[in-house]
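Novice: Provided below: protein.cif, containing mmCIF, C-alpha atoms and all ligand atoms.
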```
data_start
#
loop_
_atom_site.label_atom_id
_atom_site.label_comp_id
_atom_site.auth_asym_id
_atom_site.auth_seq_id
_atom_site.Cartn_x
_atom_site.Cartn_y
_atom_site.Cartn_z
CA MET A 1 -57.93 94.73 -0.56
CA TYR A 2 -55.53 95.26 -3.51
CA ASN A 3 -55.83 97.85 -6.26
CA GLN A 4 -55.98 96.73 -9.90
CA LYS A 5 -52.30 97.47 -10.53
CA VAL A 6 -51.20 95.14 -7.75
CA ILE A 7 -53.56 92.44 -8.97
CA ASP A 8 -52.29 92.79 -12.55
CA GLU A 9 -48.66 92.68 -11.44
CA PHE A 10 -49.38 89.61 -9.30
CA ARG A 11 -51.20 87.84 -12.12
CA ASN A 12 -48.57 88.68 -14.73
CA PRO A 13 -45.33 89.15 -12.86
CA GLN A 14 -42.22 90.00 -14.83
CA ASN A 15 -38.89 88.27 -14.24
CA ALA A 16 -40.43 85.45 -12.18
CA HIS A 17 -37.87 82.73 -12.79
CA GLU A 18 -34.71 81.20 -11.45
CA MET A 19 -31.44 82.38 -12.96
CA PRO A 20 -28.88 79.58 -12.86
CA ASP A 21 -26.08 81.80 -14.23
CA ALA A 22 -26.77 84.76 -11.90
CA ASP A 23 -23.73 86.64 -10.62
CA CYS A 24 -25.32 87.01 -7.20
CA VAL A 25 -28.38 85.99 -5.25
CA GLY A 26 -30.11 87.71 -2.36
CA GLU A 27 -32.59 86.08 -0.04
CA VAL A 28 -34.72 87.57 2.68
CA GLY A 29 -37.65 86.38 4.71
CA GLY A 30 -40.49 87.99 6.57
CA PRO A 31 -40.16 86.91 10.19
CA GLU A 32 -43.87 87.29 10.90
CA CYS A 33 -45.40 85.95 7.70
CA GLY A 34 -42.72 83.41 6.77
CA ASP A 35 -42.64 84.56 3.15
CA ILE A 36 -39.36 84.16 1.31
CA MET A 37 -38.04 86.32 -1.49
CA ARG A 38 -35.02 85.40 -3.58
CA VAL A 39 -33.55 87.83 -6.10
CA TYR A 40 -31.05 86.95 -8.84
CA LEU A 41 -28.89 89.56 -10.54
CA LYS A 42 -26.55 89.56 -13.50
CA ILE A 43 -23.97 92.30 -13.27
CA LYS A 44 -21.61 93.42 -16.01
CA ASP A 45 -19.18 96.33 -15.75
CA GLY A 46 -21.03 97.68 -12.72
CA VAL A 47 -24.45 97.55 -14.37
CA VAL A 48 -27.36 95.26 -13.48
CA THR A 49 -27.96 93.68 -16.87
CA ASP A 50 -30.64 91.25 -15.72
CA ALA A 51 -32.76 90.60 -12.63
CA SER A 52 -35.24 87.92 -11.69
CA PHE A 53 -36.90 86.50 -8.61
CA LEU A 54 -38.49 83.51 -6.98
CA THR A 55 -40.89 84.44 -4.24
CA PHE A 56 -42.77 82.11 -1.98
CA GLY A 57 -45.30 84.41 -0.48
CA CYS A 58 -48.36 86.58 -0.72
CA ALA A 59 -49.70 88.40 -3.77
CA SER A 60 -48.08 91.66 -2.79
CA ALA A 61 -44.71 89.94 -2.20
CA ILE A 62 -44.89 88.70 -5.78
CA ALA A 63 -46.05 92.07 -7.14
CA THR A 64 -43.31 93.95 -5.30
CA SER A 65 -40.63 91.45 -6.41
CA SER A 66 -41.77 91.96 -9.99
CA VAL A 67 -41.59 95.75 -9.73
CA ALA A 68 -38.27 95.78 -7.86
CA THR A 69 -36.53 93.54 -10.39
CA ARG A 70 -37.89 95.69 -13.20
CA LEU A 71 -36.69 98.88 -11.49
CA VAL A 72 -33.09 97.71 -11.06
CA LYS A 73 -32.61 96.34 -14.56
CA GLY A 74 -30.24 98.54 -16.54
CA LYS A 75 -29.19 100.54 -13.48
CA THR A 76 -25.67 100.85 -12.14
CA ILE A 77 -25.06 99.10 -8.83
CA ALA A 78 -25.02 102.48 -7.07
CA GLU A 79 -28.39 103.37 -8.61
CA ALA A 80 -29.86 99.94 -7.83
CA LEU A 81 -28.87 100.38 -4.19
CA LYS A 82 -30.94 103.57 -4.12
CA VAL A 83 -34.16 101.83 -5.20
CA THR A 84 -36.40 102.01 -2.17
CA ASN A 85 -39.53 100.22 -1.07
CA LYS A 86 -41.31 103.58 -1.38
CA GLN A 87 -40.53 103.65 -5.11
CA VAL A 88 -41.83 100.11 -5.41
CA VAL A 89 -45.07 101.08 -3.67
CA GLN A 90 -45.33 104.18 -5.85
CA GLU A 91 -45.11 102.03 -8.97
CA LEU A 92 -47.99 99.95 -7.65
CA GLY A 93 -50.06 102.95 -6.67
CA GLU A 94 -50.59 101.77 -3.12
CA LEU A 95 -50.41 98.78 -0.82
CA PRO A 96 -52.58 98.01 2.18
CA ALA A 97 -50.77 99.04 5.39
CA GLN A 98 -50.40 95.45 6.56
CA LYS A 99 -48.69 94.62 3.26
CA TYR A 100 -46.15 97.40 3.33
CA HIS A 101 -43.48 95.07 4.70
CA CYS A 102 -43.66 93.05 1.47
CA SER A 103 -42.20 96.06 -0.35
CA VAL A 104 -39.51 96.36 2.31
CA LEU A 105 -38.56 92.73 1.63
CA ALA A 106 -38.21 93.52 -2.08
CA GLU A 107 -35.80 96.37 -1.34
CA GLU A 108 -33.86 94.22 1.11
CA ALA A 109 -33.60 91.29 -1.31
CA ILE A 110 -31.98 93.53 -3.94
CA LYS A 111 -29.57 94.94 -1.35
CA ASP A 112 -28.75 91.45 -0.06
CA ALA A 113 -27.94 90.29 -3.61
CA ILE A 114 -25.59 93.26 -4.16
CA ASP A 115 -24.05 92.68 -0.76
CA ASN A 116 -23.32 89.10 -1.75
CA TYR A 117 -21.90 90.30 -5.06
CA TYR A 118 -19.40 92.47 -3.22
CA LYS A 119 -18.54 89.61 -0.87
CA GLN A 120 -17.52 87.61 -3.93
CA HIS A 121 -15.78 90.61 -5.56
CA PRO A 122 -14.51 92.85 -2.75
CA GLU A 123 -12.09 94.51 -5.18
CA LEU A 124 -15.06 95.99 -7.07
CA LYS A 125 -16.66 97.67 -4.06
CA GLN A 126 -16.94 101.42 -4.66
FE1 LIG B 1 -45.14 88.94 4.28
FE2 LIG B 1 -46.30 89.60 2.02
S1 LIG B 1 -47.28 89.03 3.87
S2 LIG B 1 -44.19 89.35 2.37
#
```
Please lay out the structure from this file as structure tokens.
Ligand code: FES
Specialist:
Amino acid sequence: MYNQKVIDEFRNPQNAHEMPDADCVGEVGGPECGDIMRVYLKIKDGVVTDASFLTFGCASAIATSSVATRLVKGKTIAEALKVTNKQVVQELGELPAQKYHCSVLAEEAIKDAIDNYYKQHPELKQ
């Protein structure tokens, strides 16, 4: 059901760890599947300097978390907010239709983390 890229990313995910000193955390869940995705970000001077995740879910949830955290690293907050689930899917080549929502969760988890960052630092909101 998965292509080789998704399988490789699932077997060797990048950034799959907790980040106790994260500046913000985002968490989203799939209402139908019950999977949970948590994203941790470190932000310095408006740039995402580090990103990691803990995902309790399917193979494609783990693969998309891995790709999404990789995509936002080194980006400004504004650029990170523009990372879409489509880009995540593109990086993976493709996802089965019934697994598309996993990529949506990855995008939402990043946005939720940044949202929480701005809740803590409303003065920094651009
Ligand atoms: Fe729901 Fe993958 S099946 S996140």
Novice: Residues at most 6 Å from ligand LIG 1 (chain B), using all atoms listed in the file? Could they come as JSON, numbers by chain?
Specialist: {"A": [30, 33, 35, 57, 58, 60, 61, 99, 102]}
Novice: Next, the residues of the selection above should be written as a PDB file, in the coordinates of the input with C-alpha atoms.
Specialist:
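Below you can see part-v7.pdb, which holds the result:
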```pdb
ATOM      1  CA  GLY A  30     -40.490  87.990   6.570  1.00  0.00           C
ATOM      2  CA  CYS A  33     -45.400  85.950   7.700  1.00  0.00           C
ATOM      3  CA  ASP A  35     -42.640  84.560   3.150  1.00  0.00           C
ATOM      4  CA  GLY A  57     -45.300  84.410  -0.480  1.00  0.00           C
ATOM      5  CA  CYS A  58     -48.360  86.580  -0.720  1.00  0.00           C
ATOM      6  CA  SER A  60     -48.080  91.660  -2.790  1.00  0.00           C
ATOM      7  CA  ALA A  61     -44.710  89.940  -2.200  1.00  0.00           C
ATOM      8  CA  LYS A  99     -48.690  94.620   3.260  1.00  0.00           C
ATOM      9  CA  CYS A 102     -43.660  93.050   1.470  1.00  0.00           C
TER      10      CYS A 102
END
```
Novice: Could you tell me how far atom CA of A:Glu18 lies from atom CA of A:Met1, in Å and to one decimal?
Specialist: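 A separation of 29.0 Å between them.
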Novice: So which residues touch stretch 74-84 of chain A within 9 Å, counting only C-alpha atoms, skipping near sequence neighbours fewer than 6 positions away, as a PyMOL selection string?
Specialist: chain A and resi 43+45-50+68+103-104+106-108+110-111+114+126
Novice: Produce the centre coordinates and the three edge lengths, each in Å to one decimal, of the box along x, y and z that contains all listed atoms of stretch 23-40 of chain A with 6 Å added on each side, as JSON.
Specialist:
```
{"center_x": -34.6, "center_y": 85.7, "center_z": 0.1, "size_x": 33.7, "size_y": 16.6, "size_z": 33.5}
```
Novice: Tell me, in Å to one decimal, how far atom CA of A:Glu91 is from atom CA of A:Lys125.
Specialist: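 These two atoms are separated by 29.2 Å.
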Novice: Between atom CA of A:Ser52 and atom CA of A:Met19, what distance in Å does the model show, to one decimal?
Specialist: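 Interatomic distance, atom CA of A:Ser52 to atom CA of A:Met19: 6.8 Å.
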Novice: Pick out the closest residue to A:His101 from this set: A:Thr64, A:Thr69, A:Gln4, A:Asn15. Count all atoms listed in the file.
Specialist: A:Thr64
Novice: Could you list, as a VMD selection string, every residue within 7 Å of A:Asp23, counting all atoms listed in the file and ignoring same-chain residues fewer than 3 positions away?
Specialist: chain A and resid 41 to 43 117
Novice: Using only C-alpha atoms, which residues sit within 8 Å of A:Phe53 once same-chain residues fewer than 4 positions away are excluded, as a list of chain:residue names?
Specialist: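 Once the nearby chain positions are removed, what remains is A:Asn15, A:Ala16, A:His17, A:Glu18, A:Met37, A:Arg38, A:Val39, A:Tyr40, A:Ser65, A:Ser66, A:Thr69.
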Novice: Just C-alpha atoms for this one: save the residues we selected as a PDB file, in the coordinates of the input.
Specialist:
```pdb
ATOM      1  CA  ASN A  15     -38.890  88.270 -14.240  1.00  0.00           C
ATOM      2  CA  ALA A  16     -40.430  85.450 -12.180  1.00  0.00           C
ATOM      3  CA  HIS A  17     -37.870  82.730 -12.790  1.00  0.00           C
ATOM      4  CA  GLU A  18     -34.710  81.200 -11.450  1.00  0.00           C
ATOM      5  CA  MET A  37     -38.040  86.320  -1.490  1.00  0.00           C
ATOM      6  CA  ARG A  38     -35.020  85.400  -3.580  1.00  0.00           C
ATOM      7  CA  VAL A  39     -33.550  87.830  -6.100  1.00  0.00           C
ATOM      8  CA  TYR A  40     -31.050  86.950  -8.840  1.00  0.00           C
ATOM      9  CA  SER A  65     -40.630  91.450  -6.410  1.00  0.00           C
ATOM     10  CA  SER A  66     -41.770  91.960  -9.990  1.00  0.00           C
ATOM     11  CA  THR A  69     -36.530  93.540 -10.390  1.00  0.00           C
TER      12      THR A  69
END
```
